[in-house]
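S.K.: Please find run.pdb (PDB, C-alpha atoms) on the next line:
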MODEL        1
ATOM      1  CA  MET A   1      -8.156  -9.642 -10.213
ATOM      2  CA  LYS A   2      -4.393  -9.849  -9.591
ATOM      3  CA  ASN A   3      -2.895 -13.301  -9.355
ATOM      4  CA  PRO A   4       0.797 -14.237  -9.614
ATOM      5  CA  PRO A   5       1.830 -15.346 -13.122
ATOM      6  CA  ALA A   6       2.205 -19.059 -13.684
ATOM      7  CA  TYR A   7       5.945 -18.731 -14.312
ATOM      8  CA  ALA A   8       7.098 -15.872 -12.104
ATOM      9  CA  ILE A   9      10.664 -14.610 -12.649
ATOM     10  CA  THR A  10      12.144 -13.831  -9.255
ATOM     11  CA  SER A  11      14.934 -11.569 -10.508
ATOM     12  CA  VAL A  12      12.475  -9.384 -12.434
ATOM     13  CA  ASP A  13      10.141  -9.247  -9.456
ATOM     14  CA  ASN A  14      13.020  -8.205  -7.181
ATOM     15  CA  ALA A  15      14.129  -5.465  -9.568
ATOM     16  CA  LEU A  16      10.594  -4.091  -9.822
ATOM     17  CA  ARG A  17      10.222  -4.133  -6.035
ATOM     18  CA  LEU A  18      13.386  -2.034  -5.737
ATOM     19  CA  VAL A  19      12.063   0.410  -8.330
ATOM     20  CA  THR A  20       8.896   0.813  -6.283
ATOM     21  CA  VAL A  21      10.852   1.457  -3.079
ATOM     22  CA  LEU A  22      12.954   4.113  -4.829
ATOM     23  CA  GLN A  23       9.848   5.750  -6.271
ATOM     24  CA  LEU A  24       7.962   5.822  -2.968
ATOM     25  CA  GLU A  25      10.750   6.401  -0.447
ATOM     26  CA  GLY A  26      13.572   8.029  -2.387
ATOM     27  CA  THR A  27      16.753   6.483  -0.947
ATOM     28  CA  LEU A  28      18.033   2.937  -0.659
ATOM     29  CA  THR A  29      21.368   1.407   0.365
ATOM     30  CA  VAL A  30      22.665  -1.969  -0.748
ATOM     31  CA  THR A  31      22.165  -3.353   2.766
ATOM     32  CA  GLU A  32      18.572  -2.085   2.916
ATOM     33  CA  ALA A  33      17.836  -3.530  -0.520
ATOM     34  CA  ALA A  34      19.223  -6.920   0.508
ATOM     35  CA  GLU A  35      17.103  -6.917   3.691
ATOM     36  CA  ARG A  36      13.923  -5.904   1.840
ATOM     37  CA  LEU A  37      14.329  -8.676  -0.725
ATOM     38  CA  GLY A  38      15.840 -11.311   1.544
ATOM     39  CA  VAL A  39      18.843 -11.779  -0.757
ATOM     40  CA  ALA A  40      22.626 -11.496  -0.458
ATOM     41  CA  ARG A  41      24.225  -8.036  -0.612
ATOM     42  CA  SER A  42      26.036  -9.045  -3.797
ATOM     43  CA  THR A  43      22.700  -9.845  -5.468
ATOM     44  CA  ALA A  44      21.186  -6.552  -4.315
ATOM     45  CA  HIS A  45      24.267  -4.718  -5.592
ATOM     46  CA  ARG A  46      23.929  -6.267  -9.052
ATOM     47  CA  LEU A  47      20.208  -5.442  -9.217
ATOM     48  CA  LEU A  48      20.813  -1.814  -8.237
ATOM     49  CA  GLY A  49      23.639  -1.583 -10.759
ATOM     50  CA  MET A  50      21.299  -2.662 -13.541
ATOM     51  CA  LEU A  51      18.699  -0.105 -12.415
ATOM     52  CA  CYS A  52      21.378   2.586 -12.651
ATOM     53  CA  TYR A  53      22.318   1.395 -16.145
ATOM     54  CA  ARG A  54      18.702   1.783 -17.269
ATOM     55  CA  ASP A  55      18.299   5.179 -15.476
ATOM     56  CA  PHE A  56      15.797   3.927 -12.911
ATOM     57  CA  ALA A  57      18.321   4.764 -10.198
ATOM     58  CA  THR A  58      21.399   6.890  -9.599
ATOM     59  CA  GLN A  59      24.127   6.441  -7.010
ATOM     60  CA  GLY A  60      25.027   9.487  -4.955
ATOM     61  CA  ALA A  61      28.286  10.537  -3.338
ATOM     62  CA  ASP A  62      26.985   8.922  -0.123
ATOM     63  CA  ARG A  63      26.944   5.551  -1.967
ATOM     64  CA  ALA A  64      23.174   5.344  -1.491
ATOM     65  CA  TYR A  65      20.822   4.905  -4.438
ATOM     66  CA  HIS A  66      18.201   7.469  -5.427
ATOM     67  CA  PRO A  67      15.395   7.638  -8.026
ATOM     68  CA  GLY A  68      16.798   8.066 -11.511
ATOM     69  CA  PRO A  69      15.554  10.181 -14.447
ATOM     70  CA  VAL A  70      13.008   7.572 -15.542
ATOM     71  CA  LEU A  71      11.191   7.877 -12.209
ATOM     72  CA  ALA A  72      11.356  11.666 -11.934
ATOM     73  CA  PRO A  73       7.995  12.445 -13.651
ATOM     74  CA  SER A  74       6.054  10.230 -11.233
ATOM     75  CA  ARG A  75       8.069  10.706  -8.069
ATOM     76  CA  HIS A  76       6.041  10.861  -4.842
ATOM     77  CA  ASP A  77       6.652  12.822  -1.672
ATOM     78  CA  THR A  78       9.405  10.419  -0.760
ATOM     79  CA  GLU A  79      10.177  11.936   2.631
ATOM     80  CA  SER A  80       6.619  11.583   3.956
ATOM     81  CA  SER A  81       6.251   8.069   2.504
ATOM     82  CA  ALA A  82       9.463   6.907   4.149
ATOM     83  CA  ARG A  83       8.430   8.492   7.460
ATOM     84  CA  LEU A  84       4.993   6.887   7.309
ATOM     85  CA  ARG A  85       6.461   3.457   6.581
ATOM     86  CA  ALA A  86       8.976   3.685   9.441
ATOM     87  CA  LEU A  87       6.338   4.876  11.907
ATOM     88  CA  SER A  88       3.776   2.292  10.834
ATOM     89  CA  LEU A  89       5.844  -0.901  10.848
ATOM     90  CA  PRO A  90       5.989  -1.524  14.625
ATOM     91  CA  HIS A  91       2.275  -0.781  14.968
ATOM     92  CA  LEU A  92       1.432  -3.058  12.038
ATOM     93  CA  ALA A  93       3.501  -5.773  13.702
ATOM     94  CA  ALA A  94       1.502  -5.297  16.914
ATOM     95  CA  LEU A  95      -1.757  -5.431  14.954
ATOM     96  CA  THR A  96      -0.738  -8.642  13.193
ATOM     97  CA  GLU A  97       0.305 -10.155  16.526
ATOM     98  CA  ALA A  98      -3.058  -9.217  18.084
ATOM     99  CA  VAL A  99      -5.331 -10.582  15.346
ATOM    100  CA  GLY A 100      -3.155 -13.181  13.625
ATOM    101  CA  GLU A 101      -3.593 -11.797  10.098
ATOM    102  CA  THR A 102      -1.471  -9.827   7.618
ATOM    103  CA  SER A 103      -1.528  -6.040   7.965
ATOM    104  CA  ASN A 104      -0.636  -3.287   5.506
ATOM    105  CA  VAL A 105      -0.185   0.467   5.157
ATOM    106  CA  THR A 106      -1.075   2.200   1.886
ATOM    107  CA  VAL A 107      -1.147   5.635   0.263
ATOM    108  CA  LEU A 108      -3.136   7.166  -2.587
ATOM    109  CA  SER A 109      -1.219   7.577  -5.840
ATOM    110  CA  GLY A 110      -3.506   9.187  -8.403
ATOM    111  CA  PRO A 111      -6.345   6.734  -9.110
ATOM    112  CA  LEU A 112      -4.446   3.897  -7.391
ATOM    113  CA  ILE A 113      -3.361   2.895  -3.927
ATOM    114  CA  ARG A 114       0.181   1.698  -3.355
ATOM    115  CA  PHE A 115       1.241  -0.609  -0.559
ATOM    116  CA  LEU A 116       4.136   0.891   1.413
ATOM    117  CA  ALA A 117       4.581  -2.003   3.819
ATOM    118  CA  SER A 118       3.119  -5.340   4.874
ATOM    119  CA  VAL A 119       3.594  -7.461   7.984
ATOM    120  CA  GLU A 120       2.732 -11.102   7.307
ATOM    121  CA  CYS A 121       1.126 -13.333   9.919
ATOM    122  CA  GLY A 122       2.475 -16.752  10.847
ATOM    123  CA  HIS A 123      -0.314 -18.939   9.434
ATOM    124  CA  ALA A 124       0.712 -21.419   6.745
ATOM    125  CA  LEU A 125      -2.328 -20.216   4.775
ATOM    126  CA  ARG A 126      -1.974 -16.437   4.754
ATOM    127  CA  VAL A 127      -2.053 -13.357   2.578
ATOM    128  CA  GLY A 128       1.512 -12.563   1.543
ATOM    129  CA  SER A 129       3.221  -9.192   1.450
ATOM    130  CA  ARG A 130       1.725  -6.695  -0.981
ATOM    131  CA  GLU A 131       4.552  -4.179  -0.579
ATOM    132  CA  GLY A 132       4.981  -2.156  -3.759
ATOM    133  CA  MET A 133       1.793  -3.406  -5.412
ATOM    134  CA  ALA A 134      -0.903  -1.069  -6.730
ATOM    135  CA  PHE A 135      -4.670  -1.462  -7.163
ATOM    136  CA  PRO A 136      -7.523   0.856  -8.207
ATOM    137  CA  ALA A 137      -8.444   2.718  -5.026
ATOM    138  CA  HIS A 138     -12.214   2.291  -5.415
ATOM    139  CA  LEU A 139     -11.852  -1.509  -5.380
ATOM    140  CA  THR A 140      -9.865  -1.812  -2.159
ATOM    141  CA  SER A 141     -10.799  -1.466   1.490
ATOM    142  CA  ALA A 142      -7.967   0.958   2.284
ATOM    143  CA  GLY A 143      -8.650   2.894  -0.915
ATOM    144  CA  LEU A 144     -12.324   3.358  -0.083
ATOM    145  CA  VAL A 145     -11.629   4.709   3.399
ATOM    146  CA  MET A 146      -9.118   7.186   1.977
ATOM    147  CA  LEU A 147     -11.539   8.285  -0.748
ATOM    148  CA  ALA A 148     -14.189   8.761   1.944
ATOM    149  CA  GLU A 149     -11.909  11.350   3.592
ATOM    150  CA  LEU A 150     -11.596  13.482   0.440
ATOM    151  CA  SER A 151     -13.492  16.704  -0.158
ATOM    152  CA  ARG A 152     -16.113  16.702  -2.897
ATOM    153  CA  GLU A 153     -13.717  18.573  -5.203
ATOM    154  CA  ASP A 154     -10.845  16.156  -4.573
ATOM    155  CA  LEU A 155     -13.161  13.181  -5.066
ATOM    156  CA  ASP A 156     -14.314  14.619  -8.399
ATOM    157  CA  ALA A 157     -10.665  15.001  -9.426
ATOM    158  CA  TYR A 158      -9.977  11.389  -8.410
ATOM    159  CA  TYR A 159     -12.995  10.184 -10.389
ATOM    160  CA  GLN A 160     -11.772  11.970 -13.502
ATOM    161  CA  GLN A 161      -8.282  10.464 -13.108
ATOM    162  CA  ALA A 162      -9.757   6.998 -12.678
ATOM    163  CA  THR A 163     -12.042   7.416 -15.685
ATOM    164  CA  ASP A 164      -9.082   8.394 -17.872
ATOM    165  CA  SER A 165      -6.856   5.484 -16.766
ATOM    166  CA  ASP A 166      -6.670   1.711 -16.590
ATOM    167  CA  ALA A 167      -8.125   2.017 -13.071
ATOM    168  CA  ALA A 168     -11.567   2.621 -14.623
ATOM    169  CA  LYS A 169     -12.289  -1.127 -14.435
ATOM    170  CA  ASP A 170     -15.409  -1.674 -12.300
ATOM    171  CA  LEU A 171     -15.653   2.063 -11.572
ATOM    172  CA  PRO A 172     -19.261   2.746 -10.477
ATOM    173  CA  GLN A 173     -21.280   5.760 -11.485
ATOM    174  CA  ARG A 174     -20.186   8.839  -9.565
ATOM    175  CA  ALA A 175     -23.429   9.014  -7.566
ATOM    176  CA  ALA A 176     -23.118   5.340  -6.625
ATOM    177  CA  LEU A 177     -19.520   5.865  -5.493
ATOM    178  CA  ARG A 178     -20.533   8.828  -3.344
ATOM    179  CA  GLN A 179     -23.290   6.737  -1.763
ATOM    180  CA  GLN A 180     -20.812   3.922  -1.068
ATOM    181  CA  LEU A 181     -18.348   6.342   0.499
ATOM    182  CA  SER A 182     -21.062   7.848   2.669
ATOM    183  CA  ALA A 183     -21.672   4.380   4.148
ATOM    184  CA  VAL A 184     -17.927   3.959   4.699
ATOM    185  CA  ARG A 185     -17.752   7.282   6.562
ATOM    186  CA  SER A 186     -20.640   6.212   8.785
ATOM    187  CA  SER A 187     -19.054   2.889   9.749
ATOM    188  CA  GLY A 188     -15.454   4.114   9.868
ATOM    189  CA  PHE A 189     -14.128   1.153   7.891
ATOM    190  CA  ALA A 190     -14.559  -0.672   4.575
ATOM    191  CA  ILE A 191     -14.533  -4.335   3.578
ATOM    192  CA  ASN A 192     -13.236  -5.738   0.301
ATOM    193  CA  ASN A 193     -14.463  -9.293  -0.200
ATOM    194  CA  GLY A 194     -12.748 -10.666  -3.302
ATOM    195  CA  ARG A 195     -12.960  -7.499  -5.428
ATOM    196  CA  THR A 196      -9.235  -7.335  -6.119
ATOM    197  CA  GLU A 197      -8.080 -10.917  -5.494
ATOM    198  CA  ASP A 198     -10.062 -14.138  -5.393
ATOM    199  CA  GLY A 199     -10.275 -15.759  -1.975
ATOM    200  CA  ILE A 200      -9.022 -12.720  -0.037
ATOM    201  CA  VAL A 201     -10.941 -10.417   2.296
ATOM    202  CA  ALA A 202      -9.551  -7.090   3.522
ATOM    203  CA  ILE A 203     -10.748  -4.565   6.084
ATOM    204  CA  GLY A 204      -9.516  -0.984   5.712
ATOM    205  CA  MET A 205      -9.380   2.091   7.938
ATOM    206  CA  ALA A 206      -8.107   5.611   7.210
ATOM    207  CA  VAL A 207      -5.086   7.186   8.897
ATOM    208  CA  VAL A 208      -5.125  10.986   8.892
ATOM    209  CA  ASP A 209      -1.811  12.800   9.264
ATOM    210  CA  PRO A 210      -2.346  15.989  11.315
ATOM    211  CA  HIS A 211       0.079  17.695   8.918
ATOM    212  CA  GLY A 212      -2.304  17.079   6.034
ATOM    213  CA  GLY A 213      -1.409  13.639   4.723
ATOM    214  CA  LEU A 214      -3.700  10.668   4.254
ATOM    215  CA  ALA A 215      -3.022   6.944   4.378
ATOM    216  CA  GLY A 216      -4.834   3.682   4.974
ATOM    217  CA  ILE A 217      -4.245   0.567   7.037
ATOM    218  CA  SER A 218      -5.755  -2.789   6.241
ATOM    219  CA  LEU A 219      -5.991  -6.349   7.449
ATOM    220  CA  ALA A 220      -6.000  -9.066   4.795
ATOM    221  CA  LEU A 221      -6.940 -12.692   5.313
ATOM    222  CA  PRO A 222      -8.053 -15.746   3.346
ATOM    223  CA  SER A 223     -11.828 -15.762   2.894
ATOM    224  CA  VAL A 224     -12.031 -19.236   4.474
ATOM    225  CA  ARG A 225     -11.027 -17.654   7.816
ATOM    226  CA  PHE A 226     -13.308 -14.619   7.538
ATOM    227  CA  SER A 227     -16.584 -14.248   9.402
ATOM    228  CA  ARG A 228     -18.754 -11.209  10.037
ATOM    229  CA  GLU A 229     -18.720 -12.058  13.742
ATOM    230  CA  ALA A 230     -14.961 -11.385  13.846
ATOM    231  CA  VAL A 231     -15.219  -7.893  12.329
ATOM    232  CA  PRO A 232     -15.828  -5.974  15.607
ATOM    233  CA  ALA A 233     -12.670  -7.469  17.154
ATOM    234  CA  PHE A 234     -10.657  -6.679  14.019
ATOM    235  CA  VAL A 235     -11.963  -3.099  13.946
ATOM    236  CA  ARG A 236     -11.173  -2.586  17.626
ATOM    237  CA  GLU A 237      -7.538  -3.590  17.136
ATOM    238  CA  MET A 238      -7.303  -1.529  13.955
ATOM    239  CA  HIS A 239      -8.495   1.554  15.864
ATOM    240  CA  ARG A 240      -5.603   1.051  18.279
ATOM    241  CA  CYS A 241      -3.149   0.770  15.387
ATOM    242  CA  LYS A 242      -4.621   3.845  13.662
ATOM    243  CA  ALA A 243      -4.419   5.925  16.856
ATOM    244  CA  ALA A 244      -0.812   4.894  17.470
ATOM    245  CA  ILE A 245       0.271   5.781  13.917
ATOM    246  CA  GLU A 246      -1.573   9.130  13.997
ATOM    247  CA  HIS A 247       0.048   9.953  17.354
ATOM    248  CA  GLY A 248       3.455   9.188  15.882
ATOM    249  CA  LEU A 249       2.775  11.341  12.829
ATOM    250  CA  GLN A 250       1.731  14.223  15.064
ATOM    251  CA  ASP A 251       5.059  14.120  16.887
ATOM    252  CA  ALA A 252       7.149  13.585  13.731
TER
ENDMDL
END
Since I need it in another form, could you write the structure as structure tokens?
M.R.:
Amino acid sequence: MKNPPAYAITSVDNALRLVTVLQLEGTLTVTEAAERLGVARSTAHRLLGMLCYRDFATQGADRAYHPGPVLAPSRHDTESSARLRALSLPHLAALTEAVGETSNVTVLSGPLIRFLASVECGHALRVGSREGMAFPAHLTSAGLVMLAELSREDLDAYYQQATDSDAAKDLPQRAALRQQLSAVRSSGFAINNGRTEDGIVAIGMAVVDPHGGLAGISLALPSVRFSREAVPAFVREMHRCKAAIEHGLQDA
């Protein structure tokens, strides 16, 4: 379970969020950093300066910031991640508007999923943004639908990665995981009821890039507002979001 620490340090959290953006998307300006964090440009500038000092970032001739040497060994396909995030955001916003709950887009990163973007709903009681956070893929709704899209060989490779990492927590036997993923493929979606965070339910659906990429979208809501009767309506709106994102990826 992931719960915020009792005494969260906002400046550290902001710096780590910027590191995640650099790792996943590759380029960041001071203005973009300030908008992502909801802080003044001067604050964003100081945070990025410290990341450069510690080699998490470098500043190019264009004045933009890029992943530094510390991030190089684990750098993702930054171009496709940035494209996916930009394409997804308006459709996530439409999904959140339609169902009144927080929506997300995620990608696989080894044995984990990483949240590229979140669009929060307007309820006072809501699931907040998970942008930049990571969870074991087999525990999450979006992770399960992405794993269900993998070939047997790729799933075996994922299982070995998960077994050899901290993500092995609650990892089922391989046969049990395959059986679970078979059910996910049949339904076309997955539900995570409190497996990663107490009191939160998420519904996930896979997004397949026609150029070969794979992502997941999810809706997240407090368990007190969840009912099985609402699932068909959620899934219907998620199908619309999925189709819109896949169409955009096809034309990108």
S.K.: Using the chain letters and numbers from the file, give me the residues hit by the PyMOL selection byres ((chain A and resi 92) around 8), as a list in words.
M.R.: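 That expression, the PyMOL selection byres ((chain A and resi 92) around 8), corresponds here to Ser88, Leu89, Pro90, His91, Ala93, Ala94, Leu95, Thr96, Ser103, Asn104, Val105, Ser118, Val119 and Cys241 of chain A.
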S.K.: Considering all atoms listed in the file, can you say which of A:Ser81, A:Thr102, A:Gln161, A:Thr27 comes closest to Val201 (chain A)?
M.R.: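 Smallest distance to Val201 (chain A) is found for A:Thr102.
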S.K.: Tell me which residues come within 9 Å of (18.2, -7.1, -5.3), as a CSV table (one decimal) with C-alpha atoms, in the frame of the given file, counting all atoms listed in the file in the file's coordinates.
M.R.:
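Printed below is part_31.csv as written:
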chain,number,residue,atom,x,y,z
A,11,SER,CA,14.9,-11.6,-10.5
A,14,ASN,CA,13.0,-8.2,-7.2
A,15,ALA,CA,14.1,-5.5,-9.6
A,17,ARG,CA,10.2,-4.1,-6.0
A,18,LEU,CA,13.4,-2.0,-5.7
A,30,VAL,CA,22.7,-2.0,-0.7
A,33,ALA,CA,17.8,-3.5,-0.5
A,34,ALA,CA,19.2,-6.9,0.5
A,36,ARG,CA,13.9,-5.9,1.8
A,37,LEU,CA,14.3,-8.7,-0.7
A,38,GLY,CA,15.8,-11.3,1.5
A,39,VAL,CA,18.8,-11.8,-0.8
A,40,ALA,CA,22.6,-11.5,-0.5
A,41,ARG,CA,24.2,-8.0,-0.6
A,42,SER,CA,26.0,-9.0,-3.8
A,43,THR,CA,22.7,-9.8,-5.5
A,44,ALA,CA,21.2,-6.6,-4.3
A,45,HIS,CA,24.3,-4.7,-5.6
A,46,ARG,CA,23.9,-6.3,-9.1
A,47,LEU,CA,20.2,-5.4,-9.2
A,48,LEU,CA,20.8,-1.8,-8.2
S.K.: Please expand the PyMOL selection byres ((chain A and resi 25) around 8) into the concrete residues it hits in this file, giving the result as a PyMOL selection string.
M.R.: chain A and resi 21-24+26-27+76-82
S.K.: Identify, on the basis of all atoms listed in the file, every residue whose closest approach to Ala230 (chain A) does not exceed 12 Å; exclude the query and any residue fewer than 3 positions from it along the same chain; express the result as a list in words.
M.R.: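 Selected residues are Val99, Gly100, Glu101, Ile203, Leu221, Arg225, Phe226, Ser227, Ala233, Phe234, Val235, Arg236 and Glu237 of chain A.
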S.K.: Would you list the residues near (-13.6, 11.7, 5.0) (no more than 9 Å away, in the coordinates of the file, using only C-alpha atoms) as a ChimeraX atom specification?
M.R.: /A:145-151,181-182,184-185,206
S.K.: To test your reading of the syntax: which residues would the PyMOL selection byres ((chain A and resi 242) around 8) return for the file shown? Reply as a list in words.
M.R.: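 Applying the PyMOL selection byres ((chain A and resi 242) around 8) to the structure shown produces Met205, Ala206, Val207, Ile217, Met238, His239, Arg240, Cys241, Ala243, Ala244, Ile245 and Glu246 of chain A.
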S.K.: Select, from A:Tyr65, A:Tyr53, A:Phe135, A:Tyr159, the residue with the minimum atom-to-atom distance to Pro172 (chain A), counting all atoms listed in the file.
M.R.: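 Result for the nearest residue to Pro172 (chain A): A:Tyr159.
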S.K.: Would you mind telling me which residue in A:Ala86, A:Ala142, A:Ala98, A:Ala61 lies nearest to Cys121 (chain A) when using all atoms listed in the file?
M.R.: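 Closest to Cys121 (chain A) of all the choices is A:Ala98.
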S.K.: Kindly indicate which residue among A:Gly212, A:Pro136, A:Pro111, A:Gly248 lies nearest to Asp156 (chain A), using all atoms listed in the file for the distances.
M.R.: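 Comparing A:Gly212, A:Pro136, A:Pro111, A:Gly248 against Asp156 (chain A), the winner is A:Pro111.
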S.K.: Record the distance separating CA of Leu155 (chain A) and CA of Ala167 (chain A), expressed in Å with one decimal.
M.R.: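 Result for CA of Leu155 (chain A) versus CA of Ala167 (chain A): 14.6 Å, one decimal.
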S.K.: Please measure the separation of CA of Pro210 (chain A) and CA of Leu249 (chain A), giving the value in Å to one decimal.
M.R.: 7.1 Å
S.K.: Do you have the CA of Ala162 (chain A)-CA of Val12 (chain A) distance handy?
M.R.: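 Between CA of Ala162 (chain A) and CA of Val12 (chain A) the gap works out to 27.6 Å.
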S.K.: Smallest atom-to-atom distance to Val208 (chain A): which of A:Leu71, A:Ala6, A:Ala137, A:Val107, using only C-alpha atoms?
M.R.: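 Between A:Leu71, A:Ala6, A:Ala137, A:Val107, the residue approaching Val208 (chain A) most closely is A:Val107.
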S.K.: Between A:Glu197, A:Leu84, A:Pro232, A:Ser109, single out the one closest to His247 (chain A), counting only C-alpha atoms.
M.R.: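 Nearest to His247 (chain A): A:Leu84.
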S.K.: Take every atom of region 51-69 of chain A listed in the file, pad by 8 Å on each side, and give me the axis-aligned box centre and edge lengths in Å, one decimal, as JSON.
M.R.:
{"center_x": 21.8, "center_y": 5.2, "center_z": -8.7, "size_x": 28.9, "size_y": 26.6, "size_z": 33.1}
S.K.: Applying 9 Å and only C-alpha atoms, which residues near region 57-59 of chain A remain after dropping the ones on its own chain fewer than 4 positions away? List them as a ChimeraX atom specification.
M.R.: /A:19,22,48-53,63-71
S.K.: For region 186-201 of chain A in the structure I just supplied, write out C-alpha atoms - as a PDB file, in the first residue's frame.
M.R.:
ATOM      1  CA  SER A 186     -12.166 -11.728 -21.967  1.00  0.00           C
ATOM      2  CA  SER A 187     -13.750  -8.739 -20.220  1.00  0.00           C
ATOM      3  CA  GLY A 188     -11.556  -6.065 -21.805  1.00  0.00           C
ATOM      4  CA  PHE A 189     -10.913  -4.295 -18.504  1.00  0.00           C
ATOM      5  CA  ALA A 190      -9.554  -4.896 -14.996  1.00  0.00           C
ATOM      6  CA  ILE A 191     -10.587  -3.693 -11.547  1.00  0.00           C
ATOM      7  CA  ASN A 192      -8.243  -2.949  -8.659  1.00  0.00           C
ATOM      8  CA  ASN A 193     -10.175  -2.736  -5.400  1.00  0.00           C
ATOM      9  CA  GLY A 194      -7.749  -1.590  -2.707  1.00  0.00           C
ATOM     10  CA  ARG A 195      -4.741  -3.656  -3.837  1.00  0.00           C
ATOM     11  CA  THR A 196      -2.406  -0.682  -4.123  1.00  0.00           C
ATOM     12  CA  GLU A 197      -4.066   1.938  -1.900  1.00  0.00           C
ATOM     13  CA  ASP A 198      -6.635   1.535   0.848  1.00  0.00           C
ATOM     14  CA  GLY A 199     -10.044   2.984   0.055  1.00  0.00           C
ATOM     15  CA  ILE A 200      -9.410   3.416  -3.684  1.00  0.00           C
ATOM     16  CA  VAL A 201     -10.912   1.497  -6.597  1.00  0.00           C
TER      17      VAL A 201
END
